[in-house]
Amino acid sequence: MNKVLIANRGEIACRIIKSCRKLGLTSVAVYSEADAEALHVKMADEAYPVGPASAKESYLVADKVLKVALDSGAHFVHPGYGFLSESSRFARAVEDAGLTWVGPSPQSIDDMGDKERAREIAKAAGVPILPGSPRFDVGELNTIEQAGEAVGYPLLVKASAGGGGIGMRLVERPEQLLEIAQATQSMAEKAFGDGTIFLERFIANARHVEVQVFGFGNGEAIHLYERDCSLQRRYQKVIEESTAPGLPEAVREKMVSVAASLCQHQKYSGAGTVEFVVDADTFDFFFLEMNTRIQVEHPVTEMCTGTDLVAMQLKLAQRDLEPVKQESITHQGHAIECRIYAENPDKNFMPSPGPLNRFKLPDEAHDTRIDCGFQEGDKVTFFYDPMIAKVICHAETRKQAIERMLQALDEIEIEGVKTNTKFLISCLKDKSFVSGKVSTGFIDKRLPELING
């Protein structure tokens with residue numbers, strides 16, 4: 001029972017392979033035609049093709065990935081994040097085939113994947129939720145105007161099956177509601193196969209704070225403190241950090257406590273993230289969603305707590321992990337993560353595919369971690385997300401962590417593609433960011449000056 005099929009690619013596949021090595025587990029990679037020479041393929045103990053370059057014909061085809069798992073003799077399937085990681089159908093297929101799914105139960109994935117159902121579960125567990133509406137099926141919008149008035153404006157139209165900012169539209173005035181609701185339903189039906197939507201109150205001056213949780217499947221669960229993910233553009237995270245700057249200690253304690261309670265309430269198994277929207281003026285916080293997988297920004301938590309979340313996932317799947325006591329989890333210092341994208345900030349952050357003719361990242365050290373799925377000479381294609389690396393820096397204080405990150409970003413040398421490195425430096429040097437006055441509207445409000453440095 002020592003072989004792990006990694007149903008993913010890029011930096012998260014490489015990250016999982018590192019923990020497999022640490023635990024003495026054999027790693028099995030899958031790859032598309034575009035990734036035949038990719039770093040995760042070279043790092044894995046075994047690697048098998050799953051189809052053409054398009055993810056819809058390769059990484060997202062559950063039957064192909066599962067066949068590789070069975071043919072290779074894998075015992076475990078780790079989905080990483082994205083792709084099939086939140087597909088309860090795939091998780092069930094893995095379990096039905098006699099393999100072990102490295103993640104929460106398919107039922108937990110279903111419960112938290114349906115955003116409106118997740119709100120009800122969170123409410124039952126004592127987690128604060130924003131005012132919202134019942135769900136509306138496709139074509140059944142007769143009472144949506146009344147629901148909008150009850151929720152209050154501004155509000156968000158949210159796809160029940162959406163996540164990560166996808167399927168979320170802002171409505172500022174009542175006369176906009178019907179048109180935006182119809183458009184969101186149409187988009188959600190195409191993207192998720194589920195066009196149901198619901199309404200939720202929108203907080204104008206908001207922060208996005210999430211809590212890393214880990215459940216042991218028996219009603220026991222812990223939190224590993226919080227991360228602030230407020231620096232976003234178009235609802236997509238750009239910079240993450242822990243601890244959340246300026247968050248009152250009483251608010252922090254309550255937030256991490258209710259996140260762990262939600263995990264306990266549903267007898268959650270494995271790593272997950274409970275996300276909250278925080279009113280930056282009052283520090284009231286409300287449940288946003290729960291992600292039933294490892295997160296892109298999990299290294300921030302690992303740097304501050306000294307844990308290996310992926311190793312914990314794998315050991316739990318092996319039934320070789322005793323429940324961890326909350327008091328054994330401590331948080332030290334401050335960590336910041338920056339996502340390096342092959343994109344052009346001057347052209348509305350359009351992806352910038354091309355060859356990595358020069359690709360030099362900072363050296364790793366005790367205070368600097370690099371998670372990456374590329375090497376010099378590789379090509380960034382338009383088939384996949386343009387994130388090419390993550391830089392994570394840790395220090396005793398937030399000020400020192402910012403300084404270390406600025407130094408690390410300054411050491412990056414990339415030629416052949418445009419990147420957002422200078423844009424990240426502008427964000428980190430911004431006076432409001434340095435003072436900890438962050439919000440989800442930070443980048444959009446200051447975009448021209450951030451792009452121009």
# chains A, B, ... in the order shown; residues from 1 in each chain; ligands from 1

$ residues_around --residues "segment 81-85 of chain A" --least-positions-apart "4" --cutoff "12 Å" --atoms "only C-alpha atoms" --output "PyMOL selection string"
chain A and resi 6-13+15-16+54-66+77+89-94+101-106+109-110+113+163-164+271-273+291-298+310+384-385

$ closest_residue --among "A:Lys315, A:Arg21, A:Arg227, A:Arg234" --to "Phe76 of chain A" --atoms "only C-alpha atoms"
A:Lys315

$ select_by_dssp --residues "segment 38-279 of chain A" --states "alpha helix (DSSP H)" --output "VMD selection string"
chain A and resid 39 to 43 62 to 72 88 to 96 106 to 113 115 to 124 144 to 151 177 to 192 249 to 265

$ select_by_dssp --residues "segment 257-374 of chain A" --states "strand (DSSP E)" --output "PyMOL selection string"
chain A and resi 269-279+285-291+334-341+343-344+350-351+354-355+358-360+368-372

$ write_last_selection --atoms "N, CA and C atoms" --output "compact mmCIF listing (two decimals), in the first residue's frame"
# COMPACT_ATOMS: atom_id res chain seq x y z
N SER A 269 -13.05 14.81 6.89
CA SER A 269 -11.83 14.01 6.85
C SER A 269 -10.81 14.67 5.93
N GLY A 270 -9.65 15.02 6.48
CA GLY A 270 -8.57 15.57 5.68
C GLY A 270 -8.48 17.09 5.73
N ALA A 271 -7.72 17.64 4.77
CA ALA A 271 -7.48 19.08 4.72
C ALA A 271 -8.64 19.80 4.05
N GLY A 272 -8.97 20.96 4.57
CA GLY A 272 -10.01 21.80 3.99
C GLY A 272 -9.80 23.24 4.41
N THR A 273 -10.54 24.12 3.80
CA THR A 273 -10.43 25.54 4.12
C THR A 273 -11.81 26.15 4.25
N VAL A 274 -12.05 26.80 5.39
CA VAL A 274 -13.31 27.50 5.61
C VAL A 274 -13.06 28.98 5.34
N GLU A 275 -13.77 29.53 4.36
CA GLU A 275 -13.52 30.90 3.93
C GLU A 275 -14.59 31.84 4.48
N PHE A 276 -14.14 33.03 4.89
CA PHE A 276 -15.03 34.02 5.48
C PHE A 276 -14.87 35.36 4.76
N VAL A 277 -15.96 36.10 4.67
CA VAL A 277 -15.89 37.50 4.28
C VAL A 277 -15.99 38.31 5.57
N VAL A 278 -15.09 39.28 5.71
CA VAL A 278 -15.00 40.08 6.93
C VAL A 278 -15.30 41.53 6.59
N ASP A 279 -16.21 42.15 7.33
CA ASP A 279 -16.48 43.57 7.18
C ASP A 279 -15.28 44.33 7.74
N PHE A 285 -17.80 38.90 10.76
CA PHE A 285 -17.41 37.97 9.72
C PHE A 285 -18.53 36.96 9.45
N PHE A 286 -18.55 36.46 8.20
CA PHE A 286 -19.62 35.58 7.75
C PHE A 286 -19.05 34.48 6.87
N PHE A 287 -19.66 33.31 6.95
CA PHE A 287 -19.26 32.17 6.14
C PHE A 287 -19.40 32.48 4.65
N LEU A 288 -18.38 32.15 3.89
CA LEU A 288 -18.40 32.35 2.45
C LEU A 288 -18.55 31.01 1.72
N GLU A 289 -17.63 30.08 1.99
CA GLU A 289 -17.69 28.75 1.42
C GLU A 289 -16.64 27.88 2.09
N MET A 290 -16.69 26.58 1.82
CA MET A 290 -15.65 25.67 2.29
C MET A 290 -15.08 24.94 1.09
N ASN A 291 -13.75 24.97 0.97
CA ASN A 291 -13.07 24.26 -0.10
C ASN A 291 -12.60 22.91 0.42
N HIS A 334 5.41 35.33 10.70
CA HIS A 334 4.52 35.79 9.64
C HIS A 334 5.02 35.26 8.31
N ALA A 335 4.10 34.82 7.46
CA ALA A 335 4.46 34.31 6.13
C ALA A 335 3.62 34.99 5.06
N ILE A 336 4.23 35.19 3.89
CA ILE A 336 3.56 35.79 2.74
C ILE A 336 3.83 34.93 1.52
N GLU A 337 2.80 34.75 0.69
CA GLU A 337 2.96 34.02 -0.57
C GLU A 337 2.58 34.93 -1.73
N CYS A 338 3.42 34.92 -2.76
CA CYS A 338 3.13 35.63 -4.01
C CYS A 338 3.04 34.63 -5.14
N ARG A 339 2.02 34.77 -5.96
CA ARG A 339 1.85 33.89 -7.11
C ARG A 339 2.46 34.54 -8.35
N ILE A 340 3.40 33.84 -8.96
CA ILE A 340 4.06 34.36 -10.16
C ILE A 340 3.31 33.81 -11.38
N TYR A 341 2.76 34.72 -12.17
CA TYR A 341 1.99 34.32 -13.34
C TYR A 341 2.70 34.74 -14.63
N GLU A 343 1.80 36.39 -17.34
CA GLU A 343 0.71 37.25 -17.80
C GLU A 343 1.24 38.67 -17.95
N ASN A 344 0.49 39.49 -18.65
CA ASN A 344 0.92 40.86 -18.94
C ASN A 344 -0.01 41.85 -18.23
N MET A 350 -3.55 39.66 -19.42
CA MET A 350 -3.73 38.58 -20.39
C MET A 350 -2.61 37.55 -20.22
N PRO A 351 -2.94 36.25 -20.32
CA PRO A 351 -1.89 35.23 -20.25
C PRO A 351 -0.80 35.47 -21.29
N GLY A 354 4.59 31.10 -23.77
CA GLY A 354 5.85 31.18 -24.50
C GLY A 354 6.94 30.37 -23.84
N PRO A 355 8.14 30.37 -24.41
CA PRO A 355 9.24 29.58 -23.86
C PRO A 355 9.91 30.30 -22.69
N ARG A 358 14.86 32.14 -20.13
CA ARG A 358 15.63 32.39 -18.90
C ARG A 358 14.66 32.22 -17.74
N PHE A 359 15.01 31.39 -16.77
CA PHE A 359 14.08 31.11 -15.68
C PHE A 359 14.87 30.89 -14.40
N LYS A 360 15.14 31.99 -13.72
CA LYS A 360 15.91 31.94 -12.48
C LYS A 360 15.04 32.43 -11.33
N THR A 368 12.71 31.04 2.95
CA THR A 368 12.21 31.22 1.59
C THR A 368 11.92 29.86 0.96
N ARG A 369 10.71 29.71 0.47
CA ARG A 369 10.29 28.45 -0.16
C ARG A 369 9.79 28.74 -1.57
N ILE A 370 10.12 27.88 -2.49
CA ILE A 370 9.68 28.01 -3.88
C ILE A 370 8.89 26.76 -4.26
N ASP A 371 7.65 26.93 -4.67
CA ASP A 371 6.85 25.84 -5.21
C ASP A 371 6.68 26.10 -6.70
N CYS A 372 7.16 25.19 -7.54
CA CYS A 372 7.22 25.47 -8.97
C CYS A 372 7.05 24.19 -9.77

$ closest_residue --among "A:His366, A:Lys158, A:His75, A:His223" --to "Glu253 of chain A" --atoms "only C-alpha atoms"
A:His223

$ closest_residue --among "A:Pro362, A:Gly162, A:Pro131, A:Pro386" --to "Asp410 of chain A" --atoms "only C-alpha atoms"
A:Pro362

$ closest_residue --among "A:Arg201, A:Arg117, A:Lys422, A:Arg169" --to "Glu149 of chain A" --atoms "only C-alpha atoms"
A:Arg201

$ closest_residue --among "A:Val391, A:Val258, A:Ala181, A:Ile329" --to "Glu145 of chain A" --atoms "only C-alpha atoms"
A:Ala181

$ closest_residue --among "A:Gly98, A:Glu302, A:Ala34, A:Ile180" --to "Phe382 of chain A" --atoms "only C-alpha atoms"
A:Ala34

$ residues_around --residues "segment 172-175 of chain A" --least-positions-apart "6" --cutoff "12 Å" --atoms "only C-alpha atoms" --output "PyMOL selection string"
chain A and resi 144-157+181+201-204
